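What follows is one structure encoded as structure tokens, with my remarks underneath.
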Amino acid sequence: MSHPVPTSYLVVDQRVRDPHVWAAGFHSASTARAEAGGGPAVLLTDPTDPGRVLAVVPFASPEQARAWRERSGMAQVMDQAGIDPASVVVRVLTPLQVTTEGVRS
């Protein structure tokens with residue numbers, strides 16, 4: 001499946017009870033995430049704090065990123081994945097274009 005060039009990134013920083021359970025849940029949503037416009041994710045964890053997970057998912061637009069994150073059933077998804085709701089920080093970010101002359105808007 002080809003993915004459009006991302007203009008936005010959904011960045012979710014969260015604490016999980018079990019990274020393996022969380023990863024299985026994240027993987028099980030791959031098809032739905034792609035159908036919603038999400039591209040291949042980058043998943044990161046801190047080796048000194050493996051219960052902390054950062055997911056970065058590219059989307060073609062900020063609206064697609066927000067719609068994916070705000071879809072119905074998120075509370076249940078988070079509970080099943082073992083995510084601590086109080087730990088979740090969500091951002092929709094866009095690339096910062098930096099050239100030798102400085103930042104482009």
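Residue numbering restarts at 1 for every chain of the structure tokens, chains are lettered A, B, ... in their displayed order, and ligands are numbered from 1 as they appear.
All residues of stretch 55-94 of chain A that DSSP, run on the backbone, classes as strand (DSSP E) are Ala55, Val56, Val57, Pro58, Phe59, Val89, Val90, Arg91, Val92 and Leu93 of chain A.
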Expected file contents, prior selection, C-alpha atoms, as an mmCIF file, in the first residue's frame:
```
data_model
loop_
_atom_site.group_PDB
_atom_site.id
_atom_site.type_symbol
_atom_site.label_atom_id
_atom_site.label_comp_id
_atom_site.auth_asym_id
_atom_site.auth_seq_id
_atom_site.Cartn_x
_atom_site.Cartn_y
_atom_site.Cartn_z
ATOM 1 C CA ALA A 55 4.465 6.314 18.873
ATOM 2 C CA VAL A 56 5.000 8.570 15.850
ATOM 3 C CA VAL A 57 2.537 7.993 13.003
ATOM 4 C CA PRO A 58 2.657 9.996 9.758
ATOM 5 C CA PHE A 59 -0.586 11.255 8.214
ATOM 6 C CA VAL A 89 0.449 13.287 25.921
ATOM 7 C CA VAL A 90 -0.803 13.691 22.342
ATOM 8 C CA ARG A 91 0.548 16.132 19.775
ATOM 9 C CA VAL A 92 -0.091 16.620 16.073
ATOM 10 C CA LEU A 93 3.117 18.062 14.632
#
```
Exercise. At what distance in Å, to one decimal, does atom CA of A:Ser28 lie from atom CA of A:Thr7?
Worked result: 24.5 Å
For this session: Could you give me, as an MDAnalysis selection string, the residues within 12 Å of stretch 35-38 of chain A, counting only C-alpha atoms and dropping anything in the same chain fewer than 5 positions from it?
Result: chainID A and resid 1:11 29:30 55:71
I need the chosen residues saved as an mmCIF file, in the first residue's frame, with C-alpha atoms.
```
data_model
loop_
_atom_site.group_PDB
_atom_site.id
_atom_site.type_symbol
_atom_site.label_atom_id
_atom_site.label_comp_id
_atom_site.auth_asym_id
_atom_site.auth_seq_id
_atom_site.Cartn_x
_atom_site.Cartn_y
_atom_site.Cartn_z
ATOM 1 C CA MET A 1 0.000 0.000 0.000
ATOM 2 C CA SER A 2 1.450 3.361 -0.970
ATOM 3 C CA HIS A 3 1.277 6.212 1.518
ATOM 4 C CA PRO A 4 0.937 9.909 0.655
ATOM 5 C CA VAL A 5 3.751 12.224 1.667
ATOM 6 C CA PRO A 6 3.067 13.068 5.313
ATOM 7 C CA THR A 7 2.389 16.650 6.268
ATOM 8 C CA SER A 8 1.582 15.793 9.872
ATOM 9 C CA TYR A 9 2.723 13.397 12.542
ATOM 10 C CA LEU A 10 0.604 12.069 15.370
ATOM 11 C CA VAL A 11 2.964 11.799 18.340
ATOM 12 C CA ALA A 29 -4.883 -1.734 14.489
ATOM 13 C CA SER A 30 -2.439 -1.506 11.542
ATOM 14 C CA ALA A 55 4.465 6.314 18.873
ATOM 15 C CA VAL A 56 5.000 8.570 15.850
ATOM 16 C CA VAL A 57 2.537 7.993 13.003
ATOM 17 C CA PRO A 58 2.657 9.996 9.758
ATOM 18 C CA PHE A 59 -0.586 11.255 8.214
ATOM 19 C CA ALA A 60 -1.308 13.234 5.052
ATOM 20 C CA SER A 61 -3.087 15.944 7.054
ATOM 21 C CA PRO A 62 -3.548 17.158 10.634
ATOM 22 C CA GLU A 63 -7.271 16.432 10.271
ATOM 23 C CA GLN A 64 -6.590 12.755 9.525
ATOM 24 C CA ALA A 65 -4.243 12.513 12.510
ATOM 25 C CA ARG A 66 -6.772 14.099 14.867
ATOM 26 C CA ALA A 67 -9.643 11.998 13.500
ATOM 27 C CA TRP A 68 -7.658 8.799 14.112
ATOM 28 C CA ARG A 69 -6.809 9.789 17.660
ATOM 29 C CA GLU A 70 -10.331 11.017 18.465
ATOM 30 C CA ARG A 71 -12.174 8.035 16.969
#
```
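With distances restricted to only C-alpha atoms, A:Ile83 is the closest residue to A:Val21 from A:Leu54, A:Ile83, A:Met74, A:Leu44.
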Exercise. Distance atom CA of A:Arg15-atom CA of A:Asp46, one decimal place?
Worked result: 10.9 Å
Problem set entry | For A:Val88, the nearest of the candidates A:Ala24, A:Gly102, A:Pro50, A:Ala75, counting only C-alpha atoms | A:Ala75
